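Asks: Data: entry-v6.txt, compact mmCIF, C-alpha atoms (C1' of nucleotides).
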```
# COMPACT_ATOMS: atom_id res chain seq x y z
CA MET A 1 0.00 0.00 0.00
CA PRO A 2 1.20 3.50 -0.74
CA ASP A 3 1.81 5.69 2.28
CA ARG A 4 -1.20 7.59 3.49
CA ARG A 5 -1.35 11.31 3.08
CA SER A 6 -3.25 12.26 6.20
CA PRO A 7 -5.44 10.75 8.92
CA CYS A 8 -8.52 11.90 7.00
CA PRO A 9 -10.94 9.07 6.15
CA ILE A 10 -11.70 10.59 2.75
CA ALA A 11 -8.01 10.75 1.92
CA PHE A 12 -7.70 7.13 3.04
CA ALA A 13 -10.49 6.08 0.71
CA LEU A 14 -8.97 8.04 -2.17
CA ASP A 15 -5.61 6.40 -1.57
CA LEU A 16 -7.33 3.19 -2.62
CA PHE A 17 -9.89 4.20 -5.21
CA GLY A 18 -8.99 7.76 -6.12
CA ASP A 19 -8.47 7.06 -9.80
CA ARG A 20 -10.55 6.59 -12.92
CA TRP A 21 -10.70 2.79 -12.95
CA THR A 22 -10.72 1.11 -9.57
CA LEU A 23 -14.38 1.73 -8.75
CA LEU A 24 -15.44 0.58 -12.21
CA VAL A 25 -13.94 -2.81 -11.45
CA VAL A 26 -15.66 -2.82 -8.07
CA ARG A 27 -18.89 -1.87 -9.82
CA ASP A 28 -18.58 -4.84 -12.16
CA MET A 29 -18.21 -7.17 -9.21
CA ALA A 30 -20.75 -5.52 -6.94
CA LEU A 31 -23.46 -4.62 -9.40
CA LYS A 32 -22.95 -6.72 -12.50
CA GLY A 33 -22.03 -10.12 -11.18
CA LYS A 34 -18.71 -10.18 -12.99
CA SER A 35 -15.80 -12.11 -11.63
CA HIS A 36 -13.28 -12.87 -14.38
CA PHE A 37 -10.47 -10.82 -15.84
CA HIS A 38 -11.88 -10.86 -19.35
CA GLU A 39 -15.27 -9.70 -18.08
CA PHE A 40 -13.75 -6.60 -16.52
CA GLU A 41 -11.70 -6.10 -19.65
CA ASN A 42 -14.83 -6.10 -21.82
CA ALA A 43 -16.96 -4.03 -19.47
CA GLY A 44 -17.45 -1.22 -21.93
CA GLU A 45 -15.04 1.52 -20.89
CA GLY A 46 -12.03 -0.12 -22.49
CA ILE A 47 -9.59 -0.50 -19.63
CA ALA A 48 -6.09 -1.54 -20.70
CA THR A 49 -5.06 -4.97 -19.47
CA ASN A 50 -1.96 -3.74 -17.68
CA ILE A 51 -4.02 -1.21 -15.73
CA LEU A 52 -6.64 -3.82 -14.97
CA ALA A 53 -4.05 -6.29 -13.69
CA ASP A 54 -2.53 -3.55 -11.54
CA ARG A 55 -5.86 -2.47 -10.02
CA LEU A 56 -6.91 -6.03 -9.27
CA LYS A 57 -3.61 -6.59 -7.52
CA LEU A 58 -4.07 -3.43 -5.43
CA LEU A 59 -7.64 -4.37 -4.55
CA VAL A 60 -6.42 -7.74 -3.34
CA GLU A 61 -3.61 -6.12 -1.33
CA TYR A 62 -6.13 -3.81 0.30
CA GLY A 63 -8.37 -6.71 1.21
CA VAL A 64 -11.27 -5.46 -0.87
CA VAL A 65 -11.16 -8.35 -3.30
CA GLU A 66 -10.05 -11.93 -3.05
CA LYS A 67 -8.57 -13.95 -5.83
CA ALA A 68 -8.97 -17.68 -6.29
CA ARG A 69 -8.52 -20.31 -8.88
CA ASP A 70 -11.76 -21.02 -10.71
CA PRO A 71 -12.77 -24.57 -9.71
CA GLU A 72 -14.57 -25.07 -13.01
CA LYS A 73 -11.70 -24.04 -15.21
CA GLY A 74 -8.18 -23.89 -13.88
CA SER A 75 -6.86 -21.37 -16.37
CA ARG A 76 -9.36 -18.88 -15.03
CA ARG A 77 -9.16 -16.88 -11.82
CA ILE A 78 -12.17 -15.73 -9.88
CA TYR A 79 -12.23 -12.33 -8.27
CA ARG A 80 -14.87 -11.55 -5.70
CA LEU A 81 -15.53 -8.88 -3.14
CA THR A 82 -14.73 -9.41 0.50
CA GLU A 83 -16.96 -7.94 3.21
CA LYS A 84 -14.79 -4.85 3.05
CA GLY A 85 -15.49 -4.69 -0.66
CA LEU A 86 -19.23 -5.20 -0.25
CA ASP A 87 -19.17 -2.31 2.19
CA LEU A 88 -18.40 -0.06 -0.77
CA LEU A 89 -21.94 -0.56 -2.06
CA PRO A 90 -23.25 2.55 -0.28
CA VAL A 91 -20.51 4.63 -1.87
CA LEU A 92 -21.38 3.28 -5.31
CA LEU A 93 -25.06 3.86 -4.71
CA GLU A 94 -24.58 7.49 -3.73
CA MET A 95 -22.47 8.05 -6.81
CA ILE A 96 -25.26 6.61 -8.92
CA VAL A 97 -27.80 8.83 -7.20
CA TRP A 98 -25.65 11.90 -7.73
CA SER A 99 -25.05 11.21 -11.42
CA GLY A 100 -28.64 10.15 -11.89
CA LYS A 101 -29.70 13.55 -10.62
CA HIS A 102 -27.10 15.70 -12.33
CA ASP A 103 -26.15 13.95 -15.53
CA PRO A 104 -28.84 14.40 -18.17
CA GLU A 105 -27.53 11.50 -20.23
CA THR A 106 -26.95 8.99 -17.50
CA GLY A 107 -28.50 5.57 -17.71
CA VAL A 108 -30.43 5.49 -14.43
CA SER A 109 -34.19 5.11 -14.38
CA ALA A 110 -36.37 7.39 -12.31
CA ASP A 111 -37.61 4.28 -10.61
CA TYR A 112 -34.15 3.19 -9.56
CA LEU A 113 -33.36 6.66 -8.25
CA ASP A 114 -36.59 6.80 -6.34
CA ARG A 115 -35.91 3.50 -4.67
CA ALA A 116 -32.31 4.43 -3.93
CA THR A 117 -33.39 7.50 -2.03
CA ARG A 118 -36.72 6.56 -0.51
CA ARG A 119 -36.06 2.94 0.37
CA ARG A 120 -32.33 3.02 0.64
CA GLN A 121 -31.84 0.45 3.38
CA SER A 122 -33.88 -2.21 1.72
CA MET A 123 -32.22 -1.52 -1.61
CA LEU A 124 -28.78 -1.86 -0.06
CA ARG A 125 -29.79 -5.11 1.59
CA ASP A 126 -30.98 -6.47 -1.75
CA LEU A 127 -27.90 -5.32 -3.60
CA ARG A 128 -25.68 -6.93 -1.02
CA ALA A 129 -27.56 -10.19 -1.17
CA ALA A 130 -27.41 -10.17 -4.96
CA ALA A 131 -23.70 -9.40 -4.98
CA ARG A 132 -22.98 -12.40 -2.79
CA THR A 133 -24.65 -14.65 -5.31
CA VAL A 134 -22.35 -14.41 -8.28
CA ASP A 135 -24.46 -15.07 -11.34
CA GLU A 136 -25.42 -13.50 -14.65
CA ARG A 137 -27.01 -10.11 -14.37
CA MET B 1 -15.16 18.62 -19.90
CA PRO B 2 -13.37 15.49 -21.05
CA ASP B 3 -15.43 13.13 -23.17
CA ARG B 4 -17.37 10.56 -21.23
CA ARG B 5 -16.34 6.95 -21.37
CA SER B 6 -19.73 5.29 -21.13
CA PRO B 7 -23.33 6.00 -20.15
CA CYS B 8 -22.63 4.54 -16.70
CA PRO B 9 -23.39 6.93 -13.84
CA ILE B 10 -20.38 5.72 -11.88
CA ALA B 11 -18.11 6.37 -14.85
CA PHE B 12 -19.67 9.82 -15.16
CA ALA B 13 -18.91 10.60 -11.54
CA LEU B 14 -15.35 9.32 -11.90
CA ASP B 15 -14.83 11.49 -14.96
CA LEU B 16 -15.19 14.42 -12.60
CA PHE B 17 -13.71 13.27 -9.31
CA GLY B 18 -11.87 10.06 -10.14
CA ASP B 19 -8.51 11.30 -8.94
CA ARG B 20 -6.65 11.74 -5.70
CA TRP B 21 -7.39 15.44 -5.08
CA THR B 22 -10.76 16.65 -6.32
CA LEU B 23 -12.85 15.25 -3.48
CA LEU B 24 -10.41 16.58 -0.90
CA VAL B 25 -11.12 20.08 -2.14
CA VAL B 26 -14.84 19.35 -2.06
CA ARG B 27 -14.39 18.01 1.47
CA ASP B 28 -12.74 21.25 2.56
CA MET B 29 -15.67 23.24 1.25
CA ALA B 30 -18.43 20.88 2.34
CA LEU B 31 -17.15 19.79 5.71
CA LYS B 32 -14.57 22.30 6.85
CA GLY B 33 -16.02 25.64 5.89
CA LYS B 34 -13.09 26.53 3.69
CA SER B 35 -13.48 28.81 0.72
CA HIS B 36 -10.14 30.34 -0.25
CA PHE B 37 -7.32 29.06 -2.39
CA HIS B 38 -4.76 29.26 0.38
CA GLU B 39 -7.04 27.33 2.72
CA PHE B 40 -7.22 24.41 0.32
CA GLU B 41 -3.51 24.71 -0.22
CA ASN B 42 -2.82 24.38 3.50
CA ALA B 43 -5.39 21.67 4.16
CA GLY B 44 -2.85 19.11 5.31
CA GLU B 45 -2.29 16.81 2.37
CA GLY B 46 0.05 19.16 0.55
CA ILE B 47 -1.59 19.65 -2.80
CA ALA B 48 0.57 21.45 -5.36
CA THR B 49 -0.75 24.85 -6.39
CA ASN B 50 -0.88 24.03 -10.10
CA ILE B 51 -2.98 20.94 -9.40
CA LEU B 52 -5.22 22.88 -7.05
CA ALA B 53 -5.78 25.62 -9.62
CA ASP B 54 -6.56 22.99 -12.23
CA ARG B 55 -9.06 21.12 -10.05
CA LEU B 56 -10.84 24.29 -8.99
CA LYS B 57 -11.18 25.24 -12.62
CA LEU B 58 -12.63 21.84 -13.49
CA LEU B 59 -15.04 21.97 -10.57
CA VAL B 60 -16.28 25.34 -11.76
CA GLU B 61 -16.62 24.05 -15.33
CA TYR B 62 -18.65 21.12 -14.06
CA GLY B 63 -20.94 23.40 -12.10
CA VAL B 64 -20.01 21.88 -8.76
CA VAL B 65 -18.35 25.02 -7.45
CA GLU B 66 -18.79 28.69 -8.14
CA LYS B 67 -16.09 31.28 -8.00
CA ALA B 68 -16.54 34.88 -7.00
CA ARG B 69 -14.56 37.88 -5.96
CA ASP B 70 -14.34 38.16 -2.19
CA PRO B 71 -16.33 41.29 -1.29
CA GLU B 72 -14.21 41.81 1.81
CA LYS B 73 -10.89 41.64 0.05
CA GLY B 74 -10.64 41.99 -3.66
CA SER B 75 -7.39 40.09 -4.09
CA ARG B 76 -9.12 37.02 -2.76
CA ARG B 77 -11.55 34.76 -4.55
CA ILE B 78 -14.27 32.82 -2.84
CA TYR B 79 -15.09 29.29 -3.88
CA ARG B 80 -18.29 27.72 -2.72
CA LEU B 81 -20.35 24.68 -3.56
CA THR B 82 -23.39 24.91 -5.77
CA GLU B 83 -26.42 22.72 -5.13
CA LYS B 84 -24.82 20.14 -7.38
CA GLY B 85 -21.75 20.29 -5.17
CA LEU B 86 -23.73 20.04 -1.94
CA ASP B 87 -25.34 16.94 -3.39
CA LEU B 88 -21.95 15.25 -3.08
CA LEU B 89 -22.32 15.22 0.70
CA PRO B 90 -23.86 11.72 0.73
CA VAL B 91 -20.92 10.41 -1.29
CA LEU B 92 -18.45 11.97 1.12
CA LEU B 93 -20.38 10.66 4.09
CA GLU B 94 -20.36 7.08 2.80
CA MET B 95 -16.65 7.30 2.16
CA ILE B 96 -16.16 8.45 5.75
CA VAL B 97 -18.29 5.58 7.01
CA TRP B 98 -16.34 3.06 4.94
CA SER B 99 -12.96 4.30 6.08
CA GLY B 100 -14.18 4.68 9.63
CA LYS B 101 -15.10 1.04 9.62
CA HIS B 102 -12.11 -0.36 7.76
CA ASP B 103 -9.19 1.92 8.49
CA PRO B 104 -7.84 1.27 11.98
CA GLU B 105 -6.01 4.60 12.05
CA THR B 106 -8.71 6.82 10.69
CA GLY B 107 -9.81 9.89 12.56
CA VAL B 108 -13.53 9.19 12.89
CA SER B 109 -15.17 8.86 16.28
CA ALA B 110 -17.47 5.96 17.07
CA ASP B 111 -20.08 8.56 17.83
CA TYR B 112 -19.85 10.14 14.41
CA LEU B 113 -20.03 6.75 12.72
CA ASP B 114 -23.01 5.78 14.77
CA ARG B 115 -24.87 8.92 13.85
CA ALA B 116 -23.91 8.60 10.19
CA THR B 117 -25.45 5.16 9.97
CA ARG B 118 -28.34 5.26 12.41
CA ARG B 119 -29.56 8.82 11.87
CA ARG B 120 -28.28 9.43 8.42
CA GLN B 121 -31.02 11.67 7.10
CA SER B 122 -30.85 14.09 9.98
CA MET B 123 -27.08 14.13 9.83
CA LEU B 124 -27.13 14.94 6.13
CA ARG B 125 -29.63 17.71 6.73
CA ASP B 126 -27.38 19.21 9.38
CA LEU B 127 -24.26 18.90 7.27
CA ARG B 128 -25.98 20.59 4.38
CA ALA B 129 -27.23 23.42 6.53
CA ALA B 130 -23.77 23.88 8.03
CA ALA B 131 -22.10 23.83 4.62
CA ARG B 132 -24.34 26.65 3.41
CA THR B 133 -23.20 28.83 6.26
CA VAL B 134 -19.56 29.39 5.44
CA ASP B 135 -17.78 30.03 8.70
CA GLU B 136 -14.92 28.72 10.78
CA ARG B 137 -15.18 25.08 11.66
C1' DC C 1 -0.13 -37.28 -27.06
C1' DT C 2 0.59 -33.30 -29.67
C1' DA C 3 -1.19 -28.92 -31.45
C1' DA C 4 -4.26 -25.22 -31.19
C1' DT C 5 -6.82 -22.25 -28.19
C1' DT C 6 -8.24 -19.81 -24.16
C1' DC C 7 -7.24 -16.83 -20.49
C1' DA C 8 -4.65 -14.09 -17.53
C1' DC C 9 -1.46 -11.59 -17.47
C1' DT C 10 3.58 -8.94 -18.71
C1' DT C 11 6.56 -6.00 -21.41
C1' DG C 12 8.24 -2.02 -24.06
C1' DC C 13 7.56 2.40 -25.16
C1' DA C 14 5.16 6.92 -26.24
C1' DA C 15 2.02 10.21 -24.37
C1' DT C 16 -0.18 12.31 -20.68
C1' DT C 17 -0.40 13.75 -15.92
C1' DT C 18 1.68 14.84 -11.59
C1' DG C 19 4.61 17.18 -8.45
C1' DC C 20 8.10 20.44 -7.18
C1' DA C 21 10.15 24.98 -7.16
C1' DA C 22 10.33 29.23 -8.80
C1' DG C 23 8.18 32.88 -10.96
C1' DT C 24 4.27 36.48 -12.17
C1' DT C 25 0.27 39.47 -11.55
C1' DA C 26 -3.28 42.02 -9.35
C1' DA C 27 -5.04 44.07 -5.22
C1' DT C 28 -4.11 45.77 -0.64
C1' DT C 29 -1.62 47.62 3.22
C1' DT C 30 2.31 50.40 5.05
C1' DA D 1 5.85 54.47 -3.75
C1' DA D 2 7.28 50.06 -1.66
C1' DA D 3 6.25 46.00 0.59
C1' DT D 4 2.99 42.36 1.26
C1' DT D 5 -0.79 39.24 0.42
C1' DA D 6 -3.19 36.00 -2.42
C1' DA D 7 -4.00 33.59 -6.42
C1' DC D 8 -2.35 31.71 -9.68
C1' DT D 9 1.31 30.26 -13.96
C1' DT D 10 5.44 28.24 -15.85
C1' DG D 11 9.22 24.99 -16.69
C1' DC D 12 10.81 20.72 -16.15
C1' DA D 13 11.72 16.00 -14.10
C1' DA D 14 9.39 11.96 -12.46
C1' DA D 15 5.62 8.97 -12.29
C1' DT D 16 1.51 7.07 -14.31
C1' DT D 17 -1.33 5.80 -18.17
C1' DG D 18 -2.47 3.76 -22.44
C1' DC D 19 -1.59 1.13 -26.51
C1' DA D 20 0.05 -2.91 -28.94
C1' DA D 21 2.35 -6.90 -28.92
C1' DG D 22 4.11 -10.86 -26.52
C1' DT D 23 4.39 -14.75 -22.91
C1' DG D 24 3.05 -18.78 -20.25
C1' DA D 25 0.04 -21.90 -17.91
C1' DA D 26 -4.08 -24.70 -18.37
C1' DT D 27 -7.73 -26.76 -21.40
C1' DT D 28 -9.68 -28.56 -25.47
C1' DA D 29 -9.40 -30.54 -30.20
C1' DG D 30 -7.60 -33.74 -33.37
```
Hey, can you dump this file as structure tokens for me?

Replies:
Amino acid sequence: MPDRRSPCPIAFALDLFGDRWTLLVVRDMALKGKSHFHEFENAGEGIATNILADRLKLLVEYGVVEKARDPEKGSRRIYRLTEKGLDLLPVLLEMIVWSGKHDPETGVSADYLDRATRRRQSMLRDLRAAARTVDER
Amino acid sequence: MPDRRSPCPIAFALDLFGDRWTLLVVRDMALKGKSHFHEFENAGEGIATNILADRLKLLVEYGVVEKARDPEKGSRRIYRLTEKGLDLLPVLLEMIVWSGKHDPETGVSADYLDRATRRRQSMLRDLRAAARTVDER
DNA sequence: CTAATTCACTTGCAATTTGCAAGTTAATTT
DNA sequence: AAATTAACTTGCAAATTGCAAGTGAATTAG
């Protein structure tokens, strides 16, 4: 881990995910049921493989993600969020709410936004449960 | 504004504040009552002045911050959050909660964390009200 | 059992961004 | 008029990013 800049919790968070890519990988795991390298690679934003490999390594070092051999296919690795990683769901959700409100072209339905603000706790519970069950979404 | 990478709301948010400094400046305005260049400069993390100037300019371009001449001292400028900027408070709060829970050395009291999770709405209301009143904190 | 393929990376290098230190400029105070 | 304050700007070295191509371990195909 790089050295921390200050005792500030926001600075601590940014030391991990204060860049353009890290949270997109977390998003793919937390919200899109993705778990393999090539899935993150083809997520849509076009991350370079060297950057992706680097971010996955950092996420593992920080204890946000764990890496394992895929039991169904040994040439594959599986990446999944730890509890610490799942705890980032509220951060992701608030980012979605913010963009949903302020970005005219963002892909968030009014329904989703409504639920995220008015029934936040239940939504977070559901998202967490869904994220634990890695499947197609 | 740089071109957006995808219609994803998280990617949109990261296009603005996906770096190590932007949210620290927002933090200073939203949570610490700061409004002048030199205050951000001396915030503790040691941001370089060229980076600070650049981020302030971007924040203004994005409509998150507005810049004005300081009526009390014309050589100063005042930076303050717009409504769009104040709407980042929930994101900041969730980052604080995450670090407070997972960073053993973070400077967040158990009391603060407790309030942030159990009485979130009221805390956000208070933070917003406080952030509108720019004063010493 | 050998050859092709899949998948997860690594490497080399150019381009962009960051960070440091030293200006510069405009407004105020002395 | 000269010194000071405050907000930047500039030049350059160092670090990070991004692109394209390559490597190596495991799996499947023939």

Asks: At a cut-off of 12 Å, which residues of chain D touch chain B? Count all atoms listed in the file and give the answer as a ChimeraX atom specification.

Replies: /D:4-10

Asks: Show me, as a VMD selection string, the residues of chain A whose atoms get within 7 Å of chain B, using all atoms listed in the file for the distance check.

Replies: chain A and resid 5 to 15 18 to 20 24 44 to 45 87 to 88 90 to 91 94 to 96 98 to 100 105 to 107

Asks: Since we have the selection now, will you write its residues out, keeping C-alpha atoms, as a compact mmCIF listing (two decimals), keeping the file's coordinate frame?

Replies:
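Once everything was written out, this is selection_26.txt:
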```
# COMPACT_ATOMS: atom_id res chain seq x y z
CA ARG A 5 -1.35 11.31 3.08
CA SER A 6 -3.25 12.26 6.20
CA PRO A 7 -5.44 10.75 8.92
CA CYS A 8 -8.52 11.90 7.00
CA PRO A 9 -10.94 9.07 6.15
CA ILE A 10 -11.70 10.59 2.75
CA ALA A 11 -8.01 10.75 1.92
CA PHE A 12 -7.70 7.13 3.04
CA ALA A 13 -10.49 6.08 0.71
CA LEU A 14 -8.97 8.04 -2.17
CA ASP A 15 -5.61 6.40 -1.57
CA GLY A 18 -8.99 7.76 -6.12
CA ASP A 19 -8.47 7.06 -9.80
CA ARG A 20 -10.55 6.59 -12.92
CA LEU A 24 -15.44 0.58 -12.21
CA GLY A 44 -17.45 -1.22 -21.93
CA GLU A 45 -15.04 1.52 -20.89
CA ASP A 87 -19.17 -2.31 2.19
CA LEU A 88 -18.40 -0.06 -0.77
CA PRO A 90 -23.25 2.55 -0.28
CA VAL A 91 -20.51 4.63 -1.87
CA GLU A 94 -24.58 7.49 -3.73
CA MET A 95 -22.47 8.05 -6.81
CA ILE A 96 -25.26 6.61 -8.92
CA TRP A 98 -25.65 11.90 -7.73
CA SER A 99 -25.05 11.21 -11.42
CA GLY A 100 -28.64 10.15 -11.89
CA GLU A 105 -27.53 11.50 -20.23
CA THR A 106 -26.95 8.99 -17.50
CA GLY A 107 -28.50 5.57 -17.71
```

Asks: Each residue of chain C with at least one atom at most 12 Å from chain B should appear once, together with its nearest atom pair and the corresponding distance in Å (one decimal); atoms considered: all atoms listed in the file; ordering: chain, then increasing residue number; output as CSV.

Replies:
```
residue,atom,partner,partner_atom,distance
C:DT17,C1',B:Ile51,CA,10.0
C:DT18,C1',B:Ile51,CA,8.0
C:DG19,C1',B:Ala48,CA,6.6
C:DC20,C1',B:Ala48,CA,7.8
C:DA21,C1',B:Ala48,CA,10.4
C:DT25,C1',B:Ser75,CA,10.7
C:DA26,C1',B:Ser75,CA,6.9
C:DA27,C1',B:Ser75,CA,4.8
C:DT28,C1',B:Ser75,CA,7.4
C:DT29,C1',B:Lys73,CA,11.5
```

Asks: Could you save the residues just selected, with C-alpha atoms (C1' of nucleotides), as a CSV table (one decimal), keeping the file's coordinate frame?

Replies:
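Writing the result to again.csv gives the following:
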```
chain,number,residue,atom,x,y,z
C,17,DT,C1',-0.4,13.8,-15.9
C,18,DT,C1',1.7,14.8,-11.6
C,19,DG,C1',4.6,17.2,-8.4
C,20,DC,C1',8.1,20.4,-7.2
C,21,DA,C1',10.2,25.0,-7.2
C,25,DT,C1',0.3,39.5,-11.6
C,26,DA,C1',-3.3,42.0,-9.4
C,27,DA,C1',-5.0,44.1,-5.2
C,28,DT,C1',-4.1,45.8,-0.6
C,29,DT,C1',-1.6,47.6,3.2
```

Asks: For the point (-3.0, -33.9, -30.7) in file coordinates, what residues are within 8 Å, counting all atoms listed in the file? Give the answer as a list of chain:residue names?

Replies: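 Within the cut-off we find C:DC1, C:DT2, C:DA3, D:DA29, D:DG30.
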
Asks: Measuring between only C-alpha atoms, which one of B:Arg120, B:Arg125, B:Lys67, B:Lys57 shows the shortest distance to Tyr79 in chain B?

Replies: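 Result for the nearest residue to Tyr79 in chain B: B:Lys67.
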
Asks: What does the distance between CA of Ala129 in chain A and CA of Glu66 in chain A come to in Å, to one decimal place?

Replies: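 Spanning CA of Ala129 in chain A to CA of Glu66 in chain A is a straight-line distance of 17.7 Å.
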
Asks: Please indicate the distance in Å from CA of Thr82 in chain B to CA of Val65 in chain B, rounded to one decimal place.

Replies: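 These atoms are spaced 5.3 Å apart.
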
Asks: Could you tell me how far CA of Asp70 in chain A sits from CA of Arg132 in chain A, in Å to one decimal place?

Replies: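 Value for the CA of Arg132 in chain A-CA of Asp70 in chain A distance: 16.2 Å.
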
Asks: Counting all atoms listed in the file, what is within 8 Å of Ala30 in chain A, bar same-chain residues fewer than 6 positions away, as a list in words?

Replies: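 These residues fall inside the cut-off: Leu81, Leu86, Leu89, Leu127, Arg128 and Ala131 of chain A.
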
Asks: Complete the atoms of range 90-111 of chain A to N, CA and C atoms and put them out as a tab-separated table (two decimals), in the coordinates of the input.

Replies:
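The file below, rebuild.tsv, is the result:
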```
chain	number	residue	atom	x	y	z
A	90	PRO	N	-22.64	1.23	-0.52
A	90	PRO	CA	-23.25	2.55	-0.28
A	90	PRO	C	-22.55	3.68	-1.02
A	91	VAL	N	-21.24	3.60	-1.13
A	91	VAL	CA	-20.51	4.63	-1.87
A	91	VAL	C	-20.93	4.60	-3.34
A	92	LEU	N	-20.95	3.41	-3.92
A	92	LEU	CA	-21.38	3.28	-5.31
A	92	LEU	C	-22.79	3.81	-5.49
A	93	LEU	N	-23.67	3.44	-4.58
A	93	LEU	CA	-25.06	3.86	-4.71
A	93	LEU	C	-25.20	5.38	-4.68
A	94	GLU	N	-24.48	6.02	-3.80
A	94	GLU	CA	-24.58	7.49	-3.73
A	94	GLU	C	-24.00	8.15	-4.97
A	95	MET	N	-23.00	7.52	-5.55
A	95	MET	CA	-22.47	8.05	-6.81
A	95	MET	C	-23.50	7.93	-7.91
A	96	ILE	N	-24.20	6.81	-7.92
A	96	ILE	CA	-25.26	6.61	-8.92
A	96	ILE	C	-26.37	7.64	-8.74
A	97	VAL	N	-26.74	7.86	-7.48
A	97	VAL	CA	-27.80	8.83	-7.20
A	97	VAL	C	-27.37	10.22	-7.66
A	98	TRP	N	-26.13	10.56	-7.35
A	98	TRP	CA	-25.65	11.90	-7.73
A	98	TRP	C	-25.65	12.08	-9.25
A	99	SER	N	-25.09	11.11	-9.95
A	99	SER	CA	-25.05	11.21	-11.42
A	99	SER	C	-26.46	11.14	-12.00
A	100	GLY	N	-27.27	10.27	-11.42
A	100	GLY	CA	-28.64	10.15	-11.89
A	100	GLY	C	-29.36	11.48	-11.81
A	101	LYS	N	-29.04	12.25	-10.79
A	101	LYS	CA	-29.70	13.55	-10.62
A	101	LYS	C	-29.09	14.63	-11.50
A	102	HIS	N	-27.77	14.57	-11.68
A	102	HIS	CA	-27.10	15.70	-12.33
A	102	HIS	C	-26.58	15.46	-13.73
A	103	ASP	N	-26.60	14.21	-14.17
A	103	ASP	CA	-26.15	13.95	-15.53
A	103	ASP	C	-27.35	13.67	-16.41
A	104	PRO	N	-27.65	14.56	-17.33
A	104	PRO	CA	-28.84	14.40	-18.17
A	104	PRO	C	-28.81	13.15	-19.05
A	105	GLU	N	-27.61	12.65	-19.32
A	105	GLU	CA	-27.53	11.50	-20.23
A	105	GLU	C	-27.25	10.18	-19.53
A	106	THR	N	-27.33	10.20	-18.22
A	106	THR	CA	-26.95	8.99	-17.50
A	106	THR	C	-28.02	7.91	-17.62
A	107	GLY	N	-27.60	6.69	-17.54
A	107	GLY	CA	-28.50	5.57	-17.71
A	107	GLY	C	-29.09	5.06	-16.41
A	108	VAL	N	-29.79	5.91	-15.68
A	108	VAL	CA	-30.43	5.49	-14.43
A	108	VAL	C	-31.91	5.84	-14.52
A	109	SER	N	-32.75	4.85	-14.29
A	109	SER	CA	-34.19	5.11	-14.38
A	109	SER	C	-34.68	5.89	-13.18
A	110	ALA	N	-35.76	6.62	-13.40
A	110	ALA	CA	-36.37	7.39	-12.31
A	110	ALA	C	-36.77	6.45	-11.18
A	111	ASP	N	-37.19	5.28	-11.57
A	111	ASP	CA	-37.61	4.28	-10.61
A	111	ASP	C	-36.46	3.86	-9.69
```
